[in-house]
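Written out below as structure tokens is the structure these notes cover.
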Amino acid sequence: MSCATPVVFIIFKRADLTARVWAAIQRVQPRRLFIVADGPRNPSEAPQCAETRRIVEQPGWPCEVQRNYSEQNMGCRNRISSGLDWVFSQTEQAIILEDDCVPAQSFFGFCENLLERYRGDERVMHIGGSNFLIHRSGPYSYHFSRYAHVWGWATWARAWRHMELNMRTWSEFAKGGLQELFTDKDERRHWLQKFAPISTGKRTDTWAYPWQYSVWKHRGFSVVPHFNLVANIGFGDDATHTQDTSSPISNLPVGEIPAVLQHPHQVRFDDEADHTVYLRAFGGARTKLRKSLRYKLSKPVRVYRKLRERWSASRSSATPAG
């Protein structure tokens, strides 16, 4: 299989993870490859960055390779957003992978198929490879979502031009736009809290949230496959945003999707799937539990247990060794 669509590979300093994703890219041998790399944050990271770049130095198949390497550290937000600006100044569409997102082989064909199908449909802005529910039953191969999952994805230059990195219009959108998207008050409150520090400049380490906002602002639809096609293997202490290895979306199982896709008849949100993702993947179930009467009534018992544990611990530490 050869991938005719340009592939973007975003790397930094994790050579072991980069090698695994690179192996998946090598199997499909894209005809055109863009490699975007950030520079080291300090001198001790320089050898790691150099080793990571060496892995992708020789593709091993005939292809056009373009590299955009920064010698200074730009950070996740500015490196990825500027790298994609560079990519989409040269191509009309692309498949995008970061160094910790290992795709199924059918991920590339899935993206290519839908990039072609929805090329001229301005409503569709994002094709994701992740399904945080792992599998979604139904007669179709994918559904449309409010959520633009970026662990392996694809888009067009015509969509990326709407990227609003600084989210200057967020406060205006938050007054009415969120209510149109989400009927659940807890879900709206969740995203208000997530986006507020980004829009005010207090949080400057993310490009993915501004991209999600840009999709929302333009009433865009995102594609989610009915099988999870990408595993994020980068959870751990050395990750930028995914340190929690106990996360329910860490290293999800990956399946393959048939080459012949069954397309939905309409472009509309799958409300049930989106709400379930909020509950399971974005902490919604925990929020609702804490608001429940049963949880509130159990608070005195939980406080008592914690105090008893602390008292027991203090007693143990105060007891001299015999």
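Chain labels run A, B, ... following the order of the structure tokens; each chain numbers its residues from 1, and ligands are numbered from 1 in the order shown.
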Residues within 10 Å of Leu252 in chain A, only C-alpha atoms, excluding chain neighbours under 2 positions, as a list of chain:residue names:
A:Ser130, A:Asn131, A:Phe132, A:Leu133, A:Ile134, A:Asn228, A:Leu229, A:Val230, A:Ala231, A:Asn232, A:Ile233, A:Ser247, A:Pro248, A:Ile249, A:Ser250, A:Val254, A:Gly255
Quick one: residues within 10 Å of Thr5 in chain A, only C-alpha atoms counted, chain neighbours fewer than 4 positions away excluded, as a ChimeraX atom specification?
/A:30-33,91-95,108-109,111-112,115-116,154
Taking the backbone alone, and naming residues the way the document does, which bits of range 149-265 of chain A are helix (DSSP H, G or I) by DSSP, as a PDB file with C-alpha atoms, in the first residue's frame?
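As a result, out_0.pdb now contains:
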```pdb
ATOM      1  CA  ALA A 157      -5.892  23.740   4.265  1.00  0.00           C
ATOM      2  CA  ARG A 158      -9.402  25.174   3.823  1.00  0.00           C
ATOM      3  CA  ALA A 159     -10.215  24.102   7.416  1.00  0.00           C
ATOM      4  CA  TRP A 160      -6.839  24.931   8.986  1.00  0.00           C
ATOM      5  CA  TRP A 170     -13.754  32.974  22.934  1.00  0.00           C
ATOM      6  CA  SER A 171     -15.598  35.184  25.448  1.00  0.00           C
ATOM      7  CA  GLU A 172     -18.166  36.172  22.837  1.00  0.00           C
ATOM      8  CA  PHE A 173     -18.609  32.568  21.693  1.00  0.00           C
ATOM      9  CA  ALA A 174     -18.929  31.284  25.261  1.00  0.00           C
ATOM     10  CA  LYS A 175     -22.042  33.402  25.843  1.00  0.00           C
ATOM     11  CA  GLY A 176     -24.146  31.514  23.317  1.00  0.00           C
ATOM     12  CA  GLY A 177     -22.137  29.158  21.177  1.00  0.00           C
ATOM     13  CA  LEU A 178     -21.532  26.559  23.875  1.00  0.00           C
ATOM     14  CA  GLN A 179     -25.234  26.361  24.676  1.00  0.00           C
ATOM     15  CA  GLU A 180     -25.948  25.528  21.044  1.00  0.00           C
ATOM     16  CA  LEU A 181     -23.387  22.713  21.168  1.00  0.00           C
ATOM     17  CA  LYS A 185     -24.925  22.198  31.927  1.00  0.00           C
ATOM     18  CA  ASP A 186     -22.072  20.209  33.466  1.00  0.00           C
ATOM     19  CA  GLU A 187     -20.544  19.643  30.044  1.00  0.00           C
ATOM     20  CA  ARG A 188     -20.736  23.359  29.231  1.00  0.00           C
ATOM     21  CA  ARG A 189     -19.191  24.244  32.592  1.00  0.00           C
ATOM     22  CA  HIS A 190     -16.395  21.723  32.002  1.00  0.00           C
ATOM     23  CA  TRP A 191     -15.355  23.376  28.743  1.00  0.00           C
ATOM     24  CA  LEU A 192     -15.747  26.888  30.118  1.00  0.00           C
ATOM     25  CA  GLN A 193     -13.247  25.987  32.829  1.00  0.00           C
ATOM     26  CA  LYS A 194     -10.862  24.340  30.354  1.00  0.00           C
ATOM     27  CA  PHE A 195     -10.835  27.172  27.849  1.00  0.00           C
ATOM     28  CA  ALA A 196     -10.878  30.196  30.166  1.00  0.00           C
ATOM     29  CA  PRO A 197      -7.137  30.140  31.081  1.00  0.00           C
ATOM     30  CA  ILE A 198      -6.164  29.528  27.453  1.00  0.00           C
ATOM     31  CA  SER A 199      -8.226  32.433  26.144  1.00  0.00           C
ATOM     32  CA  ALA A 208      -5.150  21.344  20.414  1.00  0.00           C
ATOM     33  CA  TYR A 209      -7.671  23.273  22.511  1.00  0.00           C
ATOM     34  CA  PRO A 210      -7.506  26.331  20.205  1.00  0.00           C
ATOM     35  CA  TRP A 211      -8.027  23.992  17.251  1.00  0.00           C
ATOM     36  CA  GLN A 212     -11.038  22.440  18.981  1.00  0.00           C
ATOM     37  CA  TYR A 213     -12.401  25.915  19.627  1.00  0.00           C
ATOM     38  CA  SER A 214     -11.836  26.892  15.997  1.00  0.00           C
ATOM     39  CA  VAL A 215     -13.885  23.887  14.861  1.00  0.00           C
ATOM     40  CA  TRP A 216     -16.658  24.791  17.307  1.00  0.00           C
ATOM     41  CA  LYS A 217     -16.684  28.448  16.320  1.00  0.00           C
TER      42      LYS A 217
END
```
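In terms of minimum interatomic distance to Val223 in chain A, A:Val267 ranks closest within A:Ala19, A:Val267, A:Val8, A:Ala46, counting only C-alpha atoms.
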Wanna dump the range 187-261 of chain A-range 121-128 of chain A contacts at 8 Å for me, each residue with its shortest atom pair and the distance in Å to one decimal, counting only C-alpha atoms, ordered by chain and number, as CSV?
```
residue,atom,partner,partner_atom,distance
A:Val215,CA,A:Met125,CA,6.7
A:Arg219,CA,A:Arg123,CA,7.1
A:Gly220,CA,A:Arg123,CA,5.1
A:Phe221,CA,A:Val124,CA,4.7
A:Ser222,CA,A:His126,CA,4.6
A:Val223,CA,A:Ile127,CA,4.6
A:Val224,CA,A:Gly128,CA,5.4
A:Pro225,CA,A:Gly128,CA,7.2
```
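Note that the spacing between CA of Thr183 in chain A and CA of His149 in chain A amounts to 20.5 Å.
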Please list as a PyMOL selection string every residue within 12 Å of Ile80 in chain A, counting only C-alpha atoms and excluding residues in the same chain fewer than 5 positions away.
chain A and resi 8-12+35-39+68-70+73-75+85-87+96-99+150+165+205-208+210-211
Kindly save the residues from that selection, with C-alpha atoms included, as a JSON list (two decimals), in the first residue's frame.
```
[["chain", "number", "residue", "atom", "x", "y", "z"],
["A", 8, "VAL", "CA", 3.04, 15.08, 8.57],
["A", 9, "PHE", "CA", 5.20, 13.60, 11.33],
["A", 10, "ILE", "CA", 5.77, 15.79, 14.41],
["A", 11, "ILE", "CA", 8.74, 14.80, 16.58],
["A", 12, "PHE", "CA", 10.74, 16.08, 19.53],
["A", 35, "ILE", "CA", 8.69, 16.28, 9.24],
["A", 36, "VAL", "CA", 8.32, 18.94, 11.92],
["A", 37, "ALA", "CA", 10.72, 18.93, 14.89],
["A", 38, "ASP", "CA", 11.10, 21.10, 17.98],
["A", 39, "GLY", "CA", 14.46, 21.98, 19.49],
["A", 68, "ASN", "CA", 11.03, 22.02, 9.28],
["A", 69, "TYR", "CA", 13.42, 21.74, 12.22],
["A", 70, "SER", "CA", 13.72, 24.33, 14.96],
["A", 73, "ASN", "CA", 12.63, 25.16, 21.70],
["A", 74, "MET", "CA", 9.32, 26.66, 20.64],
["A", 75, "GLY", "CA", 7.08, 24.59, 22.89],
["A", 85, "ASP", "CA", 0.93, 26.61, 9.02],
["A", 86, "TRP", "CA", 4.06, 25.70, 7.02],
["A", 87, "VAL", "CA", 2.57, 22.41, 5.84],
["A", 96, "ILE", "CA", -0.96, 14.24, 10.81],
["A", 97, "LEU", "CA", 0.77, 12.08, 13.43],
["A", 98, "GLU", "CA", 2.73, 12.99, 16.53],
["A", 99, "ASP", "CA", 5.58, 10.92, 17.93],
["A", 150, "VAL", "CA", -5.99, 14.91, 17.53],
["A", 165, "LEU", "CA", -4.50, 30.11, 18.14],
["A", 205, "ASP", "CA", 1.18, 25.18, 26.27],
["A", 206, "THR", "CA", -1.57, 23.86, 24.01],
["A", 207, "TRP", "CA", -2.52, 24.10, 20.34],
["A", 208, "ALA", "CA", -5.15, 21.34, 20.41],
["A", 210, "PRO", "CA", -7.51, 26.33, 20.20],
["A", 211, "TRP", "CA", -8.03, 23.99, 17.25]]
```
Report as a tab-separated table (two decimals) with N, CA and C atoms, in the first residue's frame: the residues of range 64-312 of chain A with a DSSP assignment of strand (DSSP E), based on the backbone of this structure.
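After the write, selection38.tsv holds the following:
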```
chain	number	residue	atom	x	y	z
A	64	GLU	N	9.18	12.38	-1.52
A	64	GLU	CA	9.63	13.76	-1.36
A	64	GLU	C	9.57	14.10	0.12
A	65	VAL	N	10.68	14.47	0.71
A	65	VAL	CA	10.73	14.79	2.13
A	65	VAL	C	11.05	16.26	2.33
A	66	GLN	N	10.25	16.93	3.14
A	66	GLN	CA	10.52	18.31	3.51
A	66	GLN	C	10.58	18.39	5.02
A	67	ARG	N	11.60	19.07	5.53
A	67	ARG	CA	11.83	19.15	6.97
A	67	ARG	C	11.74	20.58	7.47
A	68	ASN	N	11.12	20.72	8.62
A	68	ASN	CA	11.03	22.02	9.28
A	68	ASN	C	11.51	21.81	10.71
A	69	TYR	N	12.81	22.01	10.93
A	69	TYR	CA	13.42	21.74	12.22
A	69	TYR	C	13.76	23.06	12.92
A	93	GLN	N	-4.16	19.22	1.67
A	93	GLN	CA	-4.65	18.28	2.67
A	93	GLN	C	-3.48	17.46	3.20
A	94	ALA	N	-3.65	16.90	4.40
A	94	ALA	CA	-2.56	16.12	4.99
A	94	ALA	C	-3.11	15.24	6.11
A	95	ILE	N	-2.36	14.15	6.36
A	95	ILE	CA	-2.58	13.26	7.50
A	95	ILE	C	-1.50	13.58	8.52
A	96	ILE	N	-1.88	13.71	9.80
A	96	ILE	CA	-0.96	14.24	10.81
A	96	ILE	C	-0.80	13.26	11.96
A	97	LEU	N	0.45	12.97	12.31
A	97	LEU	CA	0.77	12.08	13.43
A	97	LEU	C	1.85	12.71	14.30
A	98	GLU	N	1.67	12.59	15.60
A	98	GLU	CA	2.73	12.99	16.53
A	98	GLU	C	3.52	11.76	16.94
A	101	CYS	N	1.72	8.65	18.78
A	101	CYS	CA	0.43	8.16	18.29
A	101	CYS	C	0.64	7.08	17.23
A	102	VAL	N	0.47	5.82	17.64
A	102	VAL	CA	0.72	4.69	16.74
A	102	VAL	C	-0.59	4.32	16.03
A	103	PRO	N	-0.61	4.43	14.70
A	103	PRO	CA	-1.85	4.15	13.97
A	103	PRO	C	-1.95	2.72	13.49
A	124	VAL	N	-17.45	19.85	7.26
A	124	VAL	CA	-16.55	18.84	7.84
A	124	VAL	C	-15.15	19.44	7.89
A	125	MET	N	-14.60	19.57	9.11
A	125	MET	CA	-13.31	20.24	9.30
A	125	MET	C	-12.21	19.32	9.79
A	126	HIS	N	-12.57	18.13	10.26
A	126	HIS	CA	-11.57	17.31	10.97
A	126	HIS	C	-11.91	15.84	10.80
A	127	ILE	N	-10.90	15.04	10.50
A	127	ILE	CA	-11.05	13.58	10.43
A	127	ILE	C	-10.15	12.98	11.49
A	128	GLY	N	-10.73	12.40	12.51
A	128	GLY	CA	-9.96	11.83	13.60
A	128	GLY	C	-9.75	10.34	13.43
A	142	TYR	N	-18.34	5.22	10.58
A	142	TYR	CA	-17.92	6.37	11.38
A	142	TYR	C	-19.14	7.22	11.71
A	143	HIS	N	-18.95	8.15	12.64
A	143	HIS	CA	-20.01	9.11	12.95
A	143	HIS	C	-19.42	10.51	13.03
A	144	PHE	N	-20.27	11.48	13.12
A	144	PHE	CA	-19.83	12.87	13.23
A	144	PHE	C	-19.93	13.34	14.68
A	145	SER	N	-18.91	14.05	15.12
A	145	SER	CA	-18.77	14.42	16.52
A	145	SER	C	-18.48	15.90	16.66
A	153	TRP	N	-4.82	12.31	12.94
A	153	TRP	CA	-5.95	13.00	12.34
A	153	TRP	C	-5.58	13.52	10.97
A	154	ALA	N	-6.55	14.11	10.30
A	154	ALA	CA	-6.32	14.67	8.97
A	154	ALA	C	-7.23	15.86	8.77
A	155	THR	N	-6.80	16.77	7.93
A	155	THR	CA	-7.64	17.92	7.62
A	155	THR	C	-7.17	18.56	6.32
A	156	TRP	N	-7.84	19.64	5.96
A	156	TRP	CA	-7.55	20.36	4.74
A	156	TRP	C	-7.04	21.76	5.06
A	221	PHE	N	-17.88	19.93	11.86
A	221	PHE	CA	-18.08	18.53	12.24
A	221	PHE	C	-16.75	17.79	12.18
A	222	SER	N	-16.57	16.87	13.11
A	222	SER	CA	-15.38	16.02	13.15
A	222	SER	C	-15.80	14.57	12.94
A	223	VAL	N	-14.99	13.84	12.22
A	223	VAL	CA	-15.25	12.42	11.97
A	223	VAL	C	-14.60	11.58	13.06
A	224	VAL	N	-15.34	10.58	13.56
A	224	VAL	CA	-14.80	9.60	14.51
A	224	VAL	C	-15.06	8.20	13.96
A	225	PRO	N	-14.02	7.38	13.76
A	225	PRO	CA	-14.24	6.03	13.23
A	225	PRO	C	-14.94	5.15	14.26
A	230	VAL	N	-6.04	4.52	16.52
A	230	VAL	CA	-4.77	5.09	16.98
A	230	VAL	C	-4.62	4.86	18.48
A	231	ALA	N	-3.44	4.43	18.88
A	231	ALA	CA	-3.13	4.27	20.31
A	231	ALA	C	-2.11	5.33	20.72
A	232	ASN	N	-2.43	6.07	21.77
A	232	ASN	CA	-1.46	7.02	22.32
A	232	ASN	C	-0.60	6.27	23.33
```
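Closest to Thr276 in chain A among A:Tyr140, A:Cys49, A:Asp184, A:Ala24 is A:Asp184, based on only C-alpha atoms.
Between CA of Asn251 in chain A and CA of Phe107 in chain A the interatomic distance comes to 15.9 Å.
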